[in-house]
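Asks: Sharing work.txt here; it has compact mmCIF, C-alpha atoms.
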```
# COMPACT_ATOMS: atom_id res chain seq x y z
CA MET A 11 201.68 175.68 -23.85
CA LYS A 12 200.19 177.61 -20.97
CA LYS A 13 200.40 176.29 -17.45
CA GLU A 14 196.64 175.92 -17.18
CA ASP A 15 196.65 173.56 -20.18
CA LEU A 16 198.52 170.98 -18.07
CA CYS A 17 195.39 169.90 -16.19
CA ILE A 18 195.87 167.30 -13.46
CA GLU A 19 192.55 165.62 -14.26
CA SER A 20 193.43 165.04 -17.92
CA PHE A 21 196.15 162.56 -16.92
CA ILE A 22 194.22 160.50 -14.38
CA PRO A 23 191.75 157.74 -15.35
CA GLU A 24 188.62 157.05 -13.36
CA PHE A 25 189.50 155.06 -10.26
CA GLU A 26 186.70 156.20 -7.94
CA GLU A 27 185.19 152.72 -7.89
CA PHE A 28 188.40 151.40 -6.31
CA VAL A 29 188.71 154.02 -3.58
CA SER A 30 187.01 153.23 -0.28
CA ASN A 31 188.06 153.43 3.35
CA GLU A 32 184.89 151.77 4.63
CA GLU A 33 185.98 148.17 4.25
CA LYS A 34 189.06 146.04 3.75
CA HIS A 35 189.69 144.93 0.17
CA GLU A 36 191.70 142.16 -1.36
CA PHE A 37 193.44 143.92 -4.22
CA SER A 38 193.93 141.91 -7.39
CA LYS A 39 197.08 142.14 -9.47
CA SER A 40 194.99 143.74 -12.24
CA TYR A 41 193.90 146.46 -9.85
CA LYS A 42 197.42 147.00 -8.60
CA ASP A 43 198.74 147.32 -12.13
CA LYS A 44 196.00 149.86 -12.97
CA LYS A 45 196.68 151.72 -9.72
CA LYS A 46 200.40 151.84 -10.47
CA ASN A 47 199.73 153.21 -13.95
CA MET A 48 197.35 155.77 -12.50
CA LEU A 49 199.93 156.88 -9.97
CA LYS A 50 202.55 157.18 -12.70
CA GLY A 51 200.11 159.32 -14.64
CA TYR A 52 199.57 161.50 -11.61
CA ARG A 53 203.29 162.01 -11.13
CA LYS A 54 203.78 162.79 -14.81
CA SER A 55 201.08 165.45 -14.60
CA MET A 56 202.56 166.93 -11.42
CA LEU A 57 206.19 166.71 -12.51
CA VAL A 58 205.97 167.56 -16.17
CA SER A 59 208.84 169.78 -17.32
CA ARG A 60 207.73 172.90 -19.10
CA ARG A 61 209.76 175.53 -20.86
CA LYS A 62 208.12 178.80 -21.73
CA GLN A 63 207.79 179.18 -25.48
CA TYR A 64 209.26 182.69 -25.37
CA ALA A 65 212.36 181.70 -23.36
CA ARG A 66 215.62 182.97 -24.81
CA VAL A 67 219.28 182.78 -23.85
CA ALA A 68 220.56 185.94 -22.21
CA VAL A 69 224.07 186.77 -21.02
CA PHE A 70 224.59 189.34 -18.28
CA VAL A 71 227.86 190.93 -17.18
CA GLY A 72 228.04 192.80 -13.91
CA VAL A 73 228.21 192.55 -10.14
CA LEU A 74 225.21 191.40 -8.14
CA VAL A 75 224.48 193.73 -5.25
CA LEU A 76 223.34 191.61 -2.31
CA ALA A 77 221.79 192.59 0.97
CA SER A 78 224.14 193.54 3.78
CA PRO A 79 224.40 191.36 6.89
CA PHE A 80 222.55 194.12 8.76
CA ALA A 81 219.62 193.90 6.37
CA VAL A 82 219.61 190.12 6.60
CA ASN A 83 219.60 190.18 10.39
CA ALA A 84 216.82 192.76 10.37
CA ALA A 85 214.57 190.61 8.19
CA THR A 86 211.90 188.49 9.85
CA ASN A 87 213.72 185.26 9.14
CA GLY A 88 211.77 183.05 11.49
CA ALA A 89 208.38 183.97 10.09
CA LEU A 90 209.61 183.69 6.50
CA PHE A 91 211.26 180.32 7.07
CA ASP A 92 208.09 178.95 8.63
CA ARG A 93 206.01 180.25 5.71
CA ILE A 94 208.27 178.69 3.07
CA TRP A 95 209.26 175.41 4.74
CA GLY A 96 207.11 175.14 7.85
CA ASN A 97 203.51 174.88 8.92
CA ALA A 98 202.67 178.58 9.25
CA GLY A 99 199.37 179.11 7.46
CA LYS A 100 199.22 175.39 6.54
CA GLU A 101 197.44 172.37 7.90
CA ASP A 102 198.17 168.71 7.30
CA ILE A 103 196.23 167.41 4.31
CA ALA A 104 194.67 163.96 4.23
CA SER A 105 194.42 162.21 0.88
CA HIS A 106 191.07 163.24 -0.56
CA ASP A 107 188.93 162.90 -3.66
CA GLU A 108 187.70 165.87 -5.66
CA ILE A 109 185.22 165.91 -8.54
CA LEU A 110 186.67 168.00 -11.36
CA TYR A 111 185.51 168.77 -14.87
CA ASP A 112 187.62 167.40 -17.70
CA ALA A 113 187.08 169.82 -20.58
CA GLU A 114 188.79 167.53 -23.08
CA LYS A 115 186.54 164.59 -22.23
CA GLY A 116 183.52 166.78 -21.58
CA LYS A 117 182.63 165.15 -18.28
CA GLU A 118 183.29 165.16 -14.57
CA ILE A 119 185.90 162.79 -13.14
CA THR A 120 187.11 161.99 -9.65
CA VAL A 121 190.71 162.89 -8.82
CA THR A 122 192.58 161.70 -5.72
CA TYR A 123 194.84 164.36 -4.23
CA PRO A 124 197.86 163.22 -2.17
CA ALA A 125 198.31 163.39 1.59
CA ARG A 126 200.74 166.03 2.88
CA ASP A 127 202.03 166.87 6.31
CA TYR A 128 203.98 169.87 7.55
CA VAL A 129 206.34 170.43 10.47
CA GLU A 130 207.29 173.53 12.39
CA VAL A 131 210.60 175.14 11.46
CA ASP A 132 213.28 175.43 14.11
CA GLU A 133 214.33 179.05 13.61
CA GLU A 134 217.88 178.62 14.86
CA GLN A 135 218.39 175.51 12.77
CA ALA A 136 216.98 177.28 9.70
CA LYS A 137 219.37 180.19 10.17
CA GLU A 138 222.27 177.76 10.46
CA LEU A 139 221.25 175.81 7.36
CA ILE A 140 220.32 178.62 4.97
CA GLY A 141 220.00 181.95 6.79
CA ASP A 142 223.17 183.53 5.44
CA ASN A 143 222.38 182.36 1.91
CA MET A 144 219.17 184.36 1.50
CA SER A 145 219.20 187.60 -0.46
CA TYR A 146 216.89 190.42 0.62
CA GLU A 147 217.21 192.90 -2.24
CA PRO A 148 213.70 194.26 -2.91
CA ILE A 149 212.84 194.57 -6.60
CA VAL A 150 209.70 196.49 -7.54
CA GLU A 151 208.19 196.25 -11.03
CA GLN A 152 205.05 198.07 -12.11
CA ILE A 153 203.10 196.00 -14.63
CA GLY A 154 200.10 198.01 -15.75
CA ASP A 155 197.96 198.57 -12.65
CA THR A 156 199.63 195.71 -10.74
CA THR A 157 202.77 196.00 -8.58
CA LEU A 158 205.12 193.04 -8.39
CA THR A 159 207.60 193.12 -5.48
CA ILE A 160 210.29 190.46 -5.11
CA LEU A 161 211.25 190.35 -1.43
CA SER A 162 213.76 187.53 -1.04
CA THR A 163 215.50 184.67 -2.86
CA VAL A 164 217.43 181.56 -1.92
CA TYR A 165 219.19 179.11 -4.27
CA ASP A 166 221.08 175.82 -3.99
CA GLY A 167 222.30 175.34 -7.57
CA ASN A 168 219.39 173.21 -8.77
CA SER A 169 216.37 174.83 -7.13
CA ALA A 170 215.33 178.19 -5.75
CA VAL A 171 212.55 179.84 -3.77
CA VAL A 172 211.43 183.40 -4.47
CA GLU A 173 209.17 185.33 -2.12
CA PHE A 174 207.06 187.97 -3.88
CA THR A 175 203.86 189.96 -3.59
CA LEU A 176 201.31 191.17 -6.14
CA GLU A 177 199.26 194.28 -5.35
CA ARG A 178 196.38 195.87 -7.21
CA GLU A 179 193.79 198.37 -6.05
CA GLY A 180 190.35 196.82 -6.37
CA GLY A 181 191.73 193.27 -6.22
CA VAL A 182 194.52 191.22 -7.80
CA ASN A 183 193.16 189.60 -10.96
CA ALA A 184 196.38 188.26 -12.48
CA LEU A 185 196.28 184.81 -10.87
CA ASN A 186 193.82 182.00 -10.42
CA TYR A 187 194.55 180.50 -7.02
CA SER A 188 192.92 178.31 -4.39
CA GLN A 189 193.75 175.64 -1.84
CA LEU A 190 193.39 172.96 -4.51
CA ASP A 191 195.69 174.92 -6.84
CA ASN A 192 198.27 175.04 -4.03
CA GLU A 193 197.97 171.25 -3.72
CA ALA A 194 198.25 170.64 -7.47
CA LYS A 195 200.33 172.75 -9.87
CA GLY A 196 200.10 176.06 -8.06
CA ALA A 197 198.55 179.38 -9.05
CA TRP A 198 198.22 180.14 -12.76
CA PHE A 199 197.62 183.27 -14.78
CA SER A 200 193.97 184.10 -15.36
CA ASP A 201 192.15 185.02 -18.55
CA GLU A 202 191.74 188.52 -17.10
CA SER A 203 195.45 189.08 -16.71
CA THR A 204 197.03 191.45 -19.22
CA PHE A 205 200.52 190.17 -18.42
CA TRP A 206 202.49 187.04 -17.68
CA PHE A 207 205.87 186.46 -16.06
CA GLN A 208 208.17 183.53 -15.47
CA PHE A 209 211.75 182.90 -14.46
CA MET A 210 213.55 181.85 -17.62
CA ASP A 211 214.86 178.30 -17.95
CA CYS A 212 212.95 177.26 -14.83
CA GLY A 213 209.91 175.22 -13.95
CA GLU A 214 207.81 176.63 -11.13
CA HIS A 215 205.05 176.17 -8.62
CA ILE A 216 203.52 179.40 -7.28
CA TYR A 217 202.11 178.87 -3.79
CA VAL A 218 199.74 181.59 -2.59
CA ASP A 219 199.71 182.10 1.18
CA LEU A 220 195.94 182.08 1.68
CA GLU A 221 196.15 182.99 5.37
CA LYS A 222 198.37 186.03 4.88
CA SER A 223 196.99 187.32 1.56
CA THR A 224 194.16 189.79 1.04
CA ASN A 225 192.05 190.55 -2.01
CA GLU A 226 194.33 193.45 -2.95
CA LYS A 227 197.68 191.92 -1.95
CA LEU A 228 198.84 188.35 -2.56
CA TYR A 229 201.81 186.86 -0.71
CA CYS A 230 203.42 184.20 -2.87
CA TYR A 231 206.29 181.72 -2.70
CA ASP A 232 207.60 180.58 -6.07
CA TYR A 233 209.32 177.18 -5.90
CA LEU A 234 211.66 176.94 -8.89
CA VAL A 235 213.57 174.13 -10.58
CA ALA A 236 216.55 175.23 -12.68
CA PHE A 237 216.59 173.15 -15.86
CA ASP A 238 220.13 174.09 -16.91
CA GLY A 239 221.92 174.77 -13.64
CA ILE A 240 221.51 178.54 -13.92
CA SER A 241 223.78 180.85 -11.94
CA MET A 242 221.32 183.75 -11.79
CA LEU A 243 217.58 184.32 -11.92
CA ASN A 244 216.24 186.17 -14.95
CA LEU A 245 212.60 187.20 -14.72
CA GLU A 246 210.84 187.73 -18.04
CA ILE A 247 207.69 189.86 -18.02
CA LEU A 248 205.29 189.85 -20.98
CA GLU A 249 202.59 192.49 -21.36
CA TYR A 250 199.84 191.79 -23.87
CA PRO A 251 198.78 194.45 -26.37
CA ASN A 252 195.51 196.31 -25.97
CA GLY A 253 194.76 194.50 -22.73
CA LYS A 254 193.56 191.42 -24.58
CA GLY A 255 194.39 189.03 -21.79
CA ASN A 256 196.23 185.77 -21.40
CA TYR A 257 195.27 184.10 -24.67
CA ALA A 258 197.12 186.74 -26.66
CA ILE A 259 200.26 184.70 -25.95
CA ASP A 260 199.12 182.14 -28.52
CA LYS A 261 198.55 184.71 -31.24
CA ASP A 262 200.80 186.71 -33.54
CA GLU A 263 200.61 189.82 -31.40
CA ASP A 264 203.16 192.49 -30.62
CA ILE A 265 203.86 191.44 -27.04
CA LYS A 266 205.88 193.87 -24.93
CA THR A 267 208.69 191.99 -23.18
CA ARG A 268 211.25 192.98 -20.58
CA GLN A 269 213.72 191.06 -18.44
CA VAL A 270 214.76 191.68 -14.86
CA LEU A 271 217.89 190.26 -13.23
CA VAL A 272 217.08 189.02 -9.72
CA PRO A 273 219.99 188.89 -7.23
CA LEU A 274 220.97 185.65 -5.54
CA GLY A 275 223.08 185.04 -2.46
CA GLU A 276 225.69 182.34 -2.06
CA LYS A 277 224.45 178.87 -2.91
CA VAL A 278 223.09 176.76 -0.09
CA THR A 279 225.48 173.91 0.74
CA SER A 280 224.75 170.52 -0.80
CA THR A 281 226.35 167.09 -0.62
CA GLN A 282 226.32 163.86 -2.63
CA PHE A 283 224.93 160.43 -1.77
CA VAL A 284 225.65 157.40 -3.97
CA ASN A 285 224.23 153.91 -4.44
CA ALA A 286 226.07 150.66 -5.12
CA ASP A 287 225.88 151.14 -8.90
CA GLY A 288 227.22 154.70 -8.93
CA GLY A 289 223.86 156.48 -9.06
CA THR A 290 223.85 159.85 -7.32
CA VAL A 291 221.57 162.04 -5.27
CA ILE A 292 222.65 165.64 -4.72
CA ILE A 293 220.91 166.94 -1.61
CA SER A 294 220.76 170.32 0.12
CA PRO A 295 218.56 171.40 3.05
CA MET A 296 215.92 172.53 0.52
CA SER A 297 215.97 169.99 -2.34
CA MET A 298 217.38 166.80 -3.83
CA THR A 299 218.39 166.00 -7.40
CA ILE A 300 218.15 162.33 -8.42
CA ASP A 301 220.12 160.92 -11.34
CA MET A 302 217.39 158.77 -12.90
CA LYS A 303 219.69 157.01 -15.32
CA THR A 304 222.76 155.76 -13.49
CA GLY A 305 222.11 153.33 -10.69
CA LEU A 306 218.36 152.94 -11.22
CA GLY A 307 218.48 150.76 -14.33
CA LEU A 308 216.50 153.27 -16.42
CA GLU A 309 217.34 153.85 -20.07
CA GLY A 310 216.14 156.10 -22.89
CA ASP A 311 212.67 157.55 -22.45
CA GLU A 312 212.25 155.66 -19.19
CA ALA A 313 215.16 157.58 -17.69
CA GLY A 314 213.43 160.82 -18.61
CA ASP A 315 210.06 159.84 -17.15
CA PRO A 316 209.65 161.28 -13.63
CA GLY A 317 206.77 158.87 -13.09
CA ASN A 318 209.35 156.11 -12.66
CA ILE A 319 210.37 157.56 -9.29
CA TYR A 320 207.57 156.42 -7.00
CA TYR A 321 209.12 156.22 -3.54
CA VAL A 322 211.61 158.53 -1.78
CA ASN A 323 212.47 158.41 1.92
CA ILE A 324 215.18 160.09 4.01
CA GLN A 325 216.31 158.11 7.06
CA TYR A 326 218.10 160.07 9.78
CA LYS A 327 220.81 158.78 12.09
CA ASP A 328 218.53 159.13 15.12
CA GLY A 329 216.02 156.68 13.64
CA SER A 330 213.46 159.26 12.49
CA SER A 331 212.59 159.68 8.83
CA TYR A 332 211.09 162.05 6.27
CA LEU A 333 208.82 160.34 3.75
CA VAL A 334 209.19 162.62 0.77
CA MET A 335 206.85 160.73 -1.56
CA ASP A 336 205.12 157.39 -1.84
CA ASP A 337 203.08 156.78 -4.96
CA VAL A 338 202.91 153.00 -4.97
CA ASP A 339 201.29 150.67 -2.48
CA TYR A 340 203.24 147.48 -2.98
CA SER A 341 206.64 146.12 -3.85
CA TYR A 342 208.32 142.74 -4.27
CA THR A 343 211.35 141.19 -2.65
CA GLU A 344 213.91 139.24 -4.65
CA ASP A 345 212.01 135.98 -4.02
CA GLY A 346 208.78 137.53 -5.31
CA THR A 347 207.13 138.03 -1.91
CA GLU A 348 204.74 140.99 -1.95
CA ILE A 349 205.24 143.69 0.68
CA LEU A 350 202.65 146.35 1.52
CA LEU A 351 204.46 149.69 1.65
CA ASN A 352 201.63 152.05 2.41
CA ASN A 353 197.90 152.43 2.87
CA PRO A 354 196.81 151.35 -0.63
CA ASP A 355 194.28 154.17 -0.89
CA VAL A 356 196.73 156.95 -0.03
CA ILE A 357 199.26 158.82 -2.18
CA VAL A 358 201.84 160.76 -0.15
CA ASP A 359 203.55 163.83 -1.62
CA ASN A 360 205.59 165.85 0.86
CA THR A 361 207.25 168.06 -1.74
CA SER A 362 206.69 171.74 -2.43
CA TYR A 363 207.46 171.16 -6.10
CA ALA A 364 208.90 168.38 -8.20
CA CYS A 365 210.03 168.44 -11.80
CA GLY A 366 211.94 166.25 -14.23
CA THR A 367 214.66 167.79 -16.38
CA LEU A 368 215.85 167.05 -19.89
CA GLY A 369 219.09 165.72 -18.42
CA HIS A 370 217.45 162.60 -16.90
CA GLU A 371 217.22 164.11 -13.43
CA LEU A 372 214.33 164.54 -11.03
CA ILE A 373 214.46 167.53 -8.71
CA LEU A 374 212.33 167.42 -5.56
CA GLU A 375 211.89 170.58 -3.49
CA PHE A 376 211.10 169.74 0.12
CA ASN A 377 208.16 170.99 2.17
CA ARG A 378 210.46 171.25 5.17
CA LEU A 379 214.15 171.86 5.84
CA VAL A 380 216.50 168.87 5.93
CA SER A 381 219.61 168.65 8.12
CA ILE A 382 221.83 166.93 5.58
CA GLY A 383 224.54 166.23 8.16
CA MET A 384 222.10 164.04 10.08
CA ILE A 385 221.13 161.79 7.15
CA ASP A 386 221.99 158.09 7.33
CA THR A 387 220.32 156.71 4.19
CA ILE A 388 218.29 157.98 1.27
CA THR A 389 216.01 155.43 -0.42
CA VAL A 390 214.77 155.95 -3.99
CA ASN A 391 212.29 153.28 -5.10
CA GLU A 392 214.03 150.19 -3.62
CA VAL A 393 217.59 151.53 -3.97
CA ALA A 394 219.63 152.76 -0.98
CA TYR A 395 222.05 155.72 -1.18
CA LYS A 396 224.83 156.44 1.33
CA LEU A 397 227.06 159.46 1.83
CA SER A 398 229.75 159.68 -0.83
CA GLU A 399 233.23 159.08 0.61
```
Mind converting the file's structure to structure tokens?

Replies:
Amino acid sequence: MKKEDLCIESFIPEFEEFVSNEEKHEFSKSYKDKKKNMLKGYRKSMLVSRRKQYARVAVFVGVLVLASPFAVNAATNGALFDRIWGNAGKEDIASHDEILYDAEKGKEITVTYPARDYVEVDEEQAKELIGDNMSYEPIVEQIGDTTLTILSTVYDGNSAVVEFTLEREGGVNALNYSQLDNEAKGAWFSDESTFWFQFMDCGEHIYVDLEKSTNEKLYCYDYLVAFDGISMLNLEILEYPNGKGNYAIDKDEDIKTRQVLVPLGEKVTSTQFVNADGGTVIISPMSMTIDMKTGLGLEGDEAGDPGNIYYVNIQYKDGSSYLVMDDVDYSYTEDGTEILLNNPDVIVDNTSYACGTLGHELILEFNRLVSIGMIDTITVNEVAYKLSE
């Protein structure tokens, strides 16, 4: 299945008649149930795990050559950190409706995109949290008339971010990209592209820096989730025969394939938080991994459904907090009293990428850096997690 086949609009029913900020509504239980199902559908579309159909197991033996401390110090860390995890080139996004065409249904539908907000990166804090863990080993691959350059990588054991550029004289035509693509599933390979690439055994969200990019050179940040706890990044590049374009991948064609080993630095430090029932959250400054089975009361298919995680918040010791995601507008206390958690017309998604794994885990990559030593409590749905002793 190609990335573009996983259309956000195909998972979301029509709820435009319920969305209005002009007046106060009394929301019925029927509406709330439909809204909750819609939000679960949205999360499933945004978080769906995908494995490339050509992925294979590869074993490499050798020494990774990493950038020297001199090269690391010479790199423009501050600017890069603010592009990946900060607000450079980004503006806060209010929840908004877009009219999109659903090819499967053959009609236009209204889709509500989530609210997002960004914060400025503290350069010194970023260097302390992850600076020494970044690898700056440039890798240049010529793919037809397009040049792919991998500039930097950083990895925490469950997620990674790769900075790369694509260059092509006359204009880069390999990717479809836009602001809405950045807000949804990221850039995707176009019908004009005569190649495709992906990091093996990973899910990804390619964010195109629209402010920094030009027609002939795209600056991209690839947010990756490692499905199997990989220890290295293996980039697979597929070139289609006779320049037939992207759809050749679905045909019995002689596709030219090569693999490129991408160096990684030392893993970013992570720590474990636990809840009262033994459920765990592994968190680093750049991501968190939630055990959806233990401690959340989820079993079987439910434990593998990322749509069942609808609220995540990080509470710091100083009283401030980071609302990672909020996809539901109400909850109930033990005595059945209803509590309004959020503006009922707003979905909040402050992740850079989120993906469920086959091992009943949900991995959330943050849209900012998190000082894990300053965390007091992590809340997932209605369950509190504290630092593991």

Asks: Can you tell me, as number ranges by chain, what residues are no more than 9 Å from Val164 in chain A when counting all atoms listed in the file, ignoring any on the same chain fewer than 5 positions away?

Replies: A: 140, 143-145, 169-172, 274-278

Asks: If we count only C-alpha atoms and set the cut-off at 8 Å, which residues sit around Val218 in chain A, ignoring sequence neighbours fewer than 6 positions away in its own chain? Please answer as a PyMOL selection string.

Replies: chain A and resi 187-188+192+196-197+228-231

Asks: Counting all atoms listed in the file, which of A:Asp337, A:Glu173, A:Glu399, A:Glu375 gets nearest to Leu158 in chain A?

Replies: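 Closest candidate: A:Glu173.
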
Asks: What does the distance between CA of Asn244 in chain A and CA of Leu176 in chain A come to in Å, to one decimal place?

Replies: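 According to the coordinates, CA of Asn244 in chain A and CA of Leu176 in chain A are separated by 18.0 Å.
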
Asks: Within 9 Å of (224.0, 156.3, -1.8) in the file's own coordinates, which protein, DNA or RNA residues have an atom, counting all atoms listed in the file? List them as a list in words.

Replies: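 Answer for this query, in the requested form: Gln282, Phe283, Val284, Asn285, Ala286, Asp287, Gly288, Gly289, Thr290, Val291, Thr387, Ile388, Thr389, Val393, Ala394, Tyr395, Lys396, Leu397 and Ser398 of chain A.
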
Asks: Please compute the CA of Lys227 in chain A-CA of Glu179 in chain A distance, one decimal, in Å.

Replies: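 Between these atoms lies a distance of 8.6 Å.
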
Asks: Quick one: everything within 6 Å of range 296-303 of chain A, counting only C-alpha atoms, minus sequence neighbours fewer than 3 positions away in the same chain. Send it as a PDB file with C-alpha atoms, in the coordinates of the input.

Replies:
```pdb
ATOM      1  CA  THR A 290     223.850 159.850  -7.320  1.00  0.00           C
ATOM      2  CA  VAL A 291     221.570 162.040  -5.270  1.00  0.00           C
ATOM      3  CA  ILE A 292     222.650 165.640  -4.720  1.00  0.00           C
ATOM      4  CA  ILE A 293     220.910 166.940  -1.610  1.00  0.00           C
ATOM      5  CA  LEU A 306     218.360 152.940 -11.220  1.00  0.00           C
ATOM      6  CA  LEU A 308     216.500 153.270 -16.420  1.00  0.00           C
ATOM      7  CA  ALA A 313     215.160 157.580 -17.690  1.00  0.00           C
ATOM      8  CA  HIS A 370     217.450 162.600 -16.900  1.00  0.00           C
ATOM      9  CA  GLU A 371     217.220 164.110 -13.430  1.00  0.00           C
ATOM     10  CA  LEU A 372     214.330 164.540 -11.030  1.00  0.00           C
ATOM     11  CA  ILE A 373     214.460 167.530  -8.710  1.00  0.00           C
ATOM     12  CA  LEU A 374     212.330 167.420  -5.560  1.00  0.00           C
ATOM     13  CA  GLU A 375     211.890 170.580  -3.490  1.00  0.00           C
ATOM     14  CA  PHE A 376     211.100 169.740   0.120  1.00  0.00           C
ATOM     15  CA  LEU A 379     214.150 171.860   5.840  1.00  0.00           C
TER      16      LEU A 379
END
```

Asks: For Gln208 in chain A, work out the shell of residues within 9 Å, counting only C-alpha atoms and skipping chain neighbours fewer than 5 positions away, then give it as a PyMOL selection string.

Replies: chain A and resi 62+213-214+244-248

Asks: Next, dump the selected residues to file, keeping only C-alpha atoms, as a compact mmCIF listing (two decimals), in the coordinates of the input.

Replies:
```
# COMPACT_ATOMS: atom_id res chain seq x y z
CA LYS A 62 208.12 178.80 -21.73
CA GLY A 213 209.91 175.22 -13.95
CA GLU A 214 207.81 176.63 -11.13
CA ASN A 244 216.24 186.17 -14.95
CA LEU A 245 212.60 187.20 -14.72
CA GLU A 246 210.84 187.73 -18.04
CA ILE A 247 207.69 189.86 -18.02
CA LEU A 248 205.29 189.85 -20.98
```

Asks: Which is closer to Met242 in chain A than all the others in A:Gly167, A:Gly116, A:Pro295, A:Gly141, using all atoms listed in the file?

Replies: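 Among the listed residues, A:Gly167 lies closest to Met242 in chain A.
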
Asks: A:Ser381, A:Asn391, A:Thr361, A:Gln152: which is nearest Lys195 in chain A, counting all atoms listed in the file?

Replies: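 Smallest separation from Lys195 in chain A among the options: A:Thr361.
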
Asks: One decimal, Å: what's the distance from CA of Ser200 in chain A over to CA of Asn183 in chain A, could you say?

Replies: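 CA of Asn183 in chain A lies at a distance of 7.1 Å from CA of Ser200 in chain A.
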
Asks: Pick out the closest residue to Ile319 in chain A from this set: A:Glu392, A:Asp211, A:Glu177, A:Glu249. Count all atoms listed in the file.

Replies: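 Closest to Ile319 in chain A of all the choices is A:Glu392.
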
Asks: Out of A:Ile94, A:Leu243, A:Ile216, A:Leu190, which residue has the shortest atom-to-atom distance to Val129 in chain A when counting all atoms listed in the file?

Replies: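 Using all atoms listed in the file, the shortest distance to Val129 in chain A belongs to A:Ile94.
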
Asks: Would you please work out which residue, of A:Ile149, A:Met384, A:Ile103, A:Ile324, is nearest to Pro124 in chain A when using only C-alpha atoms?

Replies: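 For Pro124 in chain A, the nearest of the candidates is A:Ile103.
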
Asks: For range 386-391 of chain A, what centre and edge lengths in Å (one decimal) does the axis-aligned box get once 5 Å is added on each side of all its listed atoms, as JSON?

Replies:
```
{"center_x": 217.1, "center_y": 155.7, "center_z": 1.1, "size_x": 19.7, "size_y": 14.8, "size_z": 22.4}
```
